[in-house]
file target24.cif (mmCIF, C-alpha atoms)
data_model
#
loop_
_atom_site.label_atom_id
_atom_site.label_comp_id
_atom_site.auth_asym_id
_atom_site.auth_seq_id
_atom_site.Cartn_x
_atom_site.Cartn_y
_atom_site.Cartn_z
CA MET A 1 48.14 79.18 71.13
CA GLU A 2 46.66 81.19 73.99
CA ALA A 3 45.22 78.07 75.66
CA PHE A 4 48.56 76.25 75.26
CA THR A 5 50.44 79.20 76.75
CA ALA A 6 48.04 79.54 79.68
CA ALA A 7 48.14 75.81 80.48
CA THR A 8 51.93 75.69 80.25
CA CYS A 9 52.31 78.75 82.46
CA ARG A 10 50.01 77.19 85.07
CA LEU A 11 52.00 73.95 85.06
CA LEU A 12 55.33 75.75 85.34
CA SER A 13 54.27 78.39 87.86
CA PRO A 14 56.11 78.43 91.19
CA SER A 15 52.76 78.17 92.97
CA ALA A 16 52.00 74.84 91.27
CA GLU A 17 52.46 72.18 93.91
CA ARG A 18 55.10 69.72 92.76
CA GLU A 19 56.45 66.75 94.63
CA CYS A 20 59.54 66.62 92.44
CA ALA A 21 61.53 68.89 90.16
CA ILE A 22 60.93 69.11 86.42
CA LYS A 23 64.15 67.64 85.03
CA THR A 24 63.09 67.52 81.37
CA LEU A 25 60.82 69.94 79.55
CA VAL A 26 59.97 69.51 75.87
CA LEU A 27 57.70 72.08 74.22
CA ASP A 28 56.37 71.91 70.65
CA PHE A 29 54.72 75.07 69.37
CA PHE A 30 54.08 77.46 66.48
CA PRO A 31 55.60 80.97 66.57
CA VAL A 32 52.25 82.57 65.76
CA SER A 33 51.30 84.43 68.91
CA ASP A 34 52.45 87.50 70.72
CA GLY A 35 52.19 85.34 73.87
CA LEU A 36 55.54 83.70 73.16
CA SER A 37 57.34 85.95 75.63
CA THR A 38 54.86 84.91 78.35
CA LEU A 39 55.70 81.29 77.64
CA GLY A 40 59.41 82.11 77.61
CA ARG A 41 59.24 83.87 80.97
CA ALA A 42 57.48 80.84 82.52
CA VAL A 43 60.27 78.62 81.21
CA GLU A 44 62.88 81.06 82.53
CA ASP A 45 61.26 81.00 85.98
CA LEU A 46 61.50 77.21 85.97
CA VAL A 47 65.09 76.83 84.77
CA THR A 48 66.51 79.46 87.11
CA HIS A 49 65.96 77.01 89.98
CA GLY A 50 68.79 75.00 88.40
CA GLU A 51 67.10 71.59 88.53
CA THR A 52 66.18 71.30 84.85
CA GLU A 53 68.61 69.08 82.96
CA ARG A 54 67.02 69.04 79.49
CA LEU A 55 65.09 71.81 77.80
CA GLU A 56 63.89 71.29 74.25
CA PHE A 57 61.93 73.51 71.90
CA HIS A 58 60.46 72.16 68.67
CA ILE A 59 59.19 75.13 66.71
CA CYS A 60 57.47 74.68 63.39
CA SER A 61 55.29 76.47 60.91
CA PRO A 62 51.53 76.07 61.22
CA TYR A 63 51.29 76.20 57.43
CA GLU A 64 51.66 73.14 55.24
CA ASN A 65 53.23 75.12 52.39
CA ASN A 66 54.91 78.30 53.59
CA THR A 67 55.17 81.31 51.37
CA ALA A 68 58.26 83.51 51.66
CA PRO A 69 56.31 86.28 53.46
CA GLN A 70 54.88 83.75 55.94
CA ARG A 71 58.35 82.34 56.68
CA GLY A 72 59.65 85.88 57.14
CA LYS A 73 56.95 86.73 59.66
CA LEU A 74 57.46 83.45 61.57
CA ARG A 75 61.24 84.00 61.66
CA GLN A 76 60.74 87.55 62.92
CA ARG A 77 58.43 86.37 65.71
CA PHE A 78 60.84 83.61 66.66
CA MET A 79 63.86 85.93 66.73
CA SER A 80 61.89 88.43 68.86
CA PHE A 81 61.01 85.55 71.19
CA SER A 82 64.64 84.47 71.51
CA ALA A 83 65.75 88.06 72.20
CA ALA A 84 63.01 88.57 74.81
CA CYS A 85 63.82 85.34 76.67
CA PRO A 86 67.62 84.96 76.72
CA VAL A 87 67.69 82.85 79.89
CA ALA A 88 65.38 80.23 78.37
CA PHE A 89 67.52 80.07 75.24
CA ARG A 90 70.75 79.76 77.25
CA TRP A 91 69.26 76.66 78.92
CA LEU A 92 68.14 74.97 75.68
CA THR A 93 69.73 71.57 75.12
CA LYS A 94 67.88 70.83 71.87
CA LEU A 95 66.31 73.17 69.35
CA THR A 96 64.35 71.98 66.33
CA LEU A 97 63.29 74.55 63.75
CA ASP A 98 61.00 73.08 61.14
CA ASN A 99 60.06 74.84 57.90
CA LEU A 100 61.04 78.34 58.99
CA GLY A 101 63.90 78.98 56.53
CA PHE A 102 66.58 80.63 58.66
CA GLY A 103 69.63 82.20 57.06
CA HIS A 104 73.23 81.38 57.96
CA SER A 105 73.78 84.45 60.15
CA GLN A 106 70.53 83.85 62.05
CA VAL A 107 71.56 80.25 62.76
CA ILE A 108 74.97 81.42 64.01
CA ASP A 109 73.26 83.96 66.30
CA LEU A 110 71.00 81.24 67.70
CA ILE A 111 73.87 78.83 68.32
CA THR A 112 75.88 81.45 70.17
CA SER A 113 72.91 82.40 72.37
CA CYS A 114 72.23 78.78 73.42
CA ASP A 115 75.04 77.96 75.88
CA ARG A 116 73.91 74.39 76.63
CA LEU A 117 72.80 73.45 73.12
CA LYS A 118 73.79 69.90 72.20
CA HIS A 119 71.42 69.30 69.27
CA LEU A 120 70.21 71.68 66.58
CA VAL A 121 67.81 70.36 63.94
CA LEU A 122 66.97 72.50 60.91
CA SER A 123 64.54 71.17 58.34
#
call {"tool": "encode", "arguments": {"input": "target24.cif", "output": "structure tokens"}}
result
Amino acid sequence: MEAFTAATCRLLSPSAERECAIKTLVLDFFPVSDGLSTLGRAVEDLVTHGETERLEFHICSPYENNTAPQRGKLRQRFMSFSAACPVAFRWLTKLTLDNLGFGHSQVIDLITSCDRLKHLVLS
């Protein structure tokens, strides 16, 4: 996860020379690292320029068969990530949560924090 975060941050950094704006950004990742807020801040820096039209997160479990404690820890990390990076979540247009087992109230909280959300996929 650290290599993914570092590479993504380099690509999204304001100092990265770009000839055109990033209109669509789709990130697939596991909520297993404390580096999620670093990733979220890089996304926030990008979207605050106002040129991004689509922002998608696909977040899934790294485990083939989750146990309840594993799902709980992954959910906790994800919810901490969403709280630490509210700008990124406000810009989300699609959010896919795969095999994390969110409760009804957590889903409602996510929906209300994602102002631009058009698609929510829970599996």
call {"tool": "resolve_selection", "arguments": {"input": "target24.cif", "expression": "the PyMOL selection byres ((chain A and resi 24) around 7)", "output": "number ranges by chain"}}
result
A: 22-23, 25-26, 52-55
call {"tool": "write_last_selection", "arguments": {"input": "target24.cif", "atoms": "C-alpha atoms", "output": "mmCIF file, keeping the file's coordinate frame"}}
result
data_model
loop_
_atom_site.group_PDB
_atom_site.id
_atom_site.type_symbol
_atom_site.label_atom_id
_atom_site.label_comp_id
_atom_site.auth_asym_id
_atom_site.auth_seq_id
_atom_site.Cartn_x
_atom_site.Cartn_y
_atom_site.Cartn_z
ATOM 1 C CA ILE A 22 60.930 69.110 86.420
ATOM 2 C CA LYS A 23 64.150 67.640 85.030
ATOM 3 C CA LEU A 25 60.820 69.940 79.550
ATOM 4 C CA VAL A 26 59.970 69.510 75.870
ATOM 5 C CA THR A 52 66.180 71.300 84.850
ATOM 6 C CA GLU A 53 68.610 69.080 82.960
ATOM 7 C CA ARG A 54 67.020 69.040 79.490
ATOM 8 C CA LEU A 55 65.090 71.810 77.800
#
call {"tool": "atom_distance", "arguments": {"input": "target24.cif", "atom1": "atom CA of A:Ala83", "atom2": "atom CA of A:Glu44"}}
result
12.8 Å
call {"tool": "closest_residue", "arguments": {"input": "target24.cif", "among": "A:His49, A:Arg77, A:Arg71, A:His58", "to": "A:Asp34", "atoms": "only C-alpha atoms"}}
result
A:Arg77
call {"tool": "atom_distance", "arguments": {"input": "target24.cif", "atom1": "atom CA of A:Val121", "atom2": "atom CA of A:Leu95"}}
result
6.3 Å
call {"tool": "resolve_selection", "arguments": {"input": "target24.cif", "expression": "the PyMOL selection byres ((chain A and resi 5) around 12)", "output": "list in words"}}
result
Met1, Glu2, Ala3, Phe4, Ala6, Ala7, Thr8, Cys9, Arg10, Leu11, Leu12, Ser13, Leu27, Asp28, Phe29, Phe30, Pro31, Val32, Ser33, Asp34, Gly35, Leu36, Ser37, Thr38, Leu39, Gly40, Arg41, Ala42 and Val43 of chain A
call {"tool": "atom_distance", "arguments": {"input": "target24.cif", "atom1": "atom CA of A:Pro86", "atom2": "atom CA of A:Leu110"}}
result
10.3 Å
call {"tool": "residues_around", "arguments": {"input": "target24.cif", "residues": "A:Ile111", "least_positions_apart": "3", "cutoff": "12 Å", "atoms": "all atoms listed in the file", "output": "number ranges by chain"}}
result
A: 82, 89-96, 104-108, 114-122
call {"tool": "write_last_selection", "arguments": {"input": "target24.cif", "atoms": "C-alpha atoms", "output": "short mmCIF file (atom, residue, chain, number, x, y, z; two decimals), keeping the file's coordinate frame"}}
result
data_model
loop_
_atom_site.label_atom_id
_atom_site.label_comp_id
_atom_site.auth_asym_id
_atom_site.auth_seq_id
_atom_site.Cartn_x
_atom_site.Cartn_y
_atom_site.Cartn_z
CA SER A 82 64.64 84.47 71.51
CA PHE A 89 67.52 80.07 75.24
CA ARG A 90 70.75 79.76 77.25
CA TRP A 91 69.26 76.66 78.92
CA LEU A 92 68.14 74.97 75.68
CA THR A 93 69.73 71.57 75.12
CA LYS A 94 67.88 70.83 71.87
CA LEU A 95 66.31 73.17 69.35
CA THR A 96 64.35 71.98 66.33
CA HIS A 104 73.23 81.38 57.96
CA SER A 105 73.78 84.45 60.15
CA GLN A 106 70.53 83.85 62.05
CA VAL A 107 71.56 80.25 62.76
CA ILE A 108 74.97 81.42 64.01
CA CYS A 114 72.23 78.78 73.42
CA ASP A 115 75.04 77.96 75.88
CA ARG A 116 73.91 74.39 76.63
CA LEU A 117 72.80 73.45 73.12
CA LYS A 118 73.79 69.90 72.20
CA HIS A 119 71.42 69.30 69.27
CA LEU A 120 70.21 71.68 66.58
CA VAL A 121 67.81 70.36 63.94
CA LEU A 122 66.97 72.50 60.91
#
call {"tool": "closest_residue", "arguments": {"input": "target24.cif", "among": "A:Leu100, A:Cys20, A:Glu56, A:Thr48", "to": "A:Met79", "atoms": "all atoms listed in the file"}}
result
A:Leu100
call {"tool": "closest_residue", "arguments": {"input": "target24.cif", "among": "A:Pro69, A:Glu19, A:Tyr63, A:Val87", "to": "A:Gly50", "atoms": "only C-alpha atoms"}}
result
A:Val87
call {"tool": "closest_residue", "arguments": {"input": "target24.cif", "among": "A:Asn99, A:Ser113, A:Ser123, A:Ser61", "to": "A:Cys85", "atoms": "all atoms listed in the file"}}
result
A:Ser113
call {"tool": "axis_aligned_box", "arguments": {"input": "target24.cif", "around": "stretch 86-99 of chain A", "padding_each_side": "4 Å", "output": "lines of an AutoDock Vina configuration file"}}
result
center_x = 65.4
center_y = 77.9
center_z = 68.9
size_x = 18.7
size_y = 22.1
size_z = 30.0
call {"tool": "closest_residue", "arguments": {"input": "target24.cif", "among": "A:Cys60, A:Ala68, A:Leu74, A:Ala84", "to": "A:Asp98", "atoms": "only C-alpha atoms"}}
result
A:Cys60
call {"tool": "build_atoms", "arguments": {"input": "target24.cif", "residues": "stretch 19-41 of chain A", "atoms": "N, CA and C atoms", "output": "compact mmCIF listing (two decimals), keeping the file's coordinate frame"}}
result
# COMPACT_ATOMS: atom_id res chain seq x y z
N GLU A 19 55.74 67.61 93.69
CA GLU A 19 56.45 66.75 94.63
C GLU A 19 57.89 66.53 94.20
N CYS A 20 58.17 66.78 92.93
CA CYS A 20 59.54 66.62 92.44
C CYS A 20 59.83 67.70 91.38
N ALA A 21 61.10 67.86 91.12
CA ALA A 21 61.53 68.89 90.16
C ALA A 21 61.24 68.44 88.73
N ILE A 22 61.06 69.40 87.84
CA ILE A 22 60.93 69.11 86.42
C ILE A 22 62.34 69.05 85.85
N LYS A 23 62.80 67.84 85.54
CA LYS A 23 64.15 67.64 85.03
C LYS A 23 64.22 67.81 83.52
N THR A 24 63.14 67.44 82.83
CA THR A 24 63.09 67.52 81.37
C THR A 24 61.81 68.25 80.96
N LEU A 25 61.97 69.21 80.08
CA LEU A 25 60.82 69.94 79.55
C LEU A 25 60.97 70.02 78.04
N VAL A 26 59.98 69.49 77.33
CA VAL A 26 59.97 69.51 75.87
C VAL A 26 58.69 70.22 75.43
N LEU A 27 58.84 71.31 74.69
CA LEU A 27 57.70 72.08 74.22
C LEU A 27 57.71 72.14 72.70
N ASP A 28 56.58 71.79 72.09
CA ASP A 28 56.37 71.91 70.65
C ASP A 28 55.34 73.02 70.44
N PHE A 29 55.68 73.99 69.59
CA PHE A 29 54.72 75.07 69.37
C PHE A 29 55.00 75.81 68.07
N PHE A 30 54.00 76.60 67.66
CA PHE A 30 54.08 77.46 66.48
C PHE A 30 54.44 78.87 66.94
N PRO A 31 55.30 79.58 66.22
CA PRO A 31 55.60 80.97 66.57
C PRO A 31 54.57 81.93 65.97
N VAL A 32 53.32 81.79 66.39
CA VAL A 32 52.25 82.57 65.76
C VAL A 32 51.59 83.57 66.70
N SER A 33 52.00 83.60 67.94
CA SER A 33 51.30 84.43 68.91
C SER A 33 52.24 85.43 69.55
N ASP A 34 51.67 86.53 69.96
CA ASP A 34 52.45 87.50 70.72
C ASP A 34 52.67 87.02 72.15
N GLY A 35 52.04 85.91 72.53
CA GLY A 35 52.19 85.34 73.87
C GLY A 35 53.45 84.52 74.05
N LEU A 36 54.31 84.49 73.05
CA LEU A 36 55.54 83.70 73.16
C LEU A 36 56.41 84.16 74.31
N SER A 37 56.49 85.46 74.54
CA SER A 37 57.34 85.95 75.63
C SER A 37 56.78 85.53 76.99
N THR A 38 55.46 85.41 77.11
CA THR A 38 54.86 84.91 78.35
C THR A 38 55.29 83.47 78.59
N LEU A 39 55.24 82.68 77.56
CA LEU A 39 55.70 81.29 77.64
C LEU A 39 57.18 81.24 78.00
N GLY A 40 57.97 82.07 77.35
CA GLY A 40 59.41 82.11 77.61
C GLY A 40 59.73 82.49 79.04
N ARG A 41 59.00 83.45 79.58
CA ARG A 41 59.24 83.87 80.97
C ARG A 41 58.89 82.75 81.96
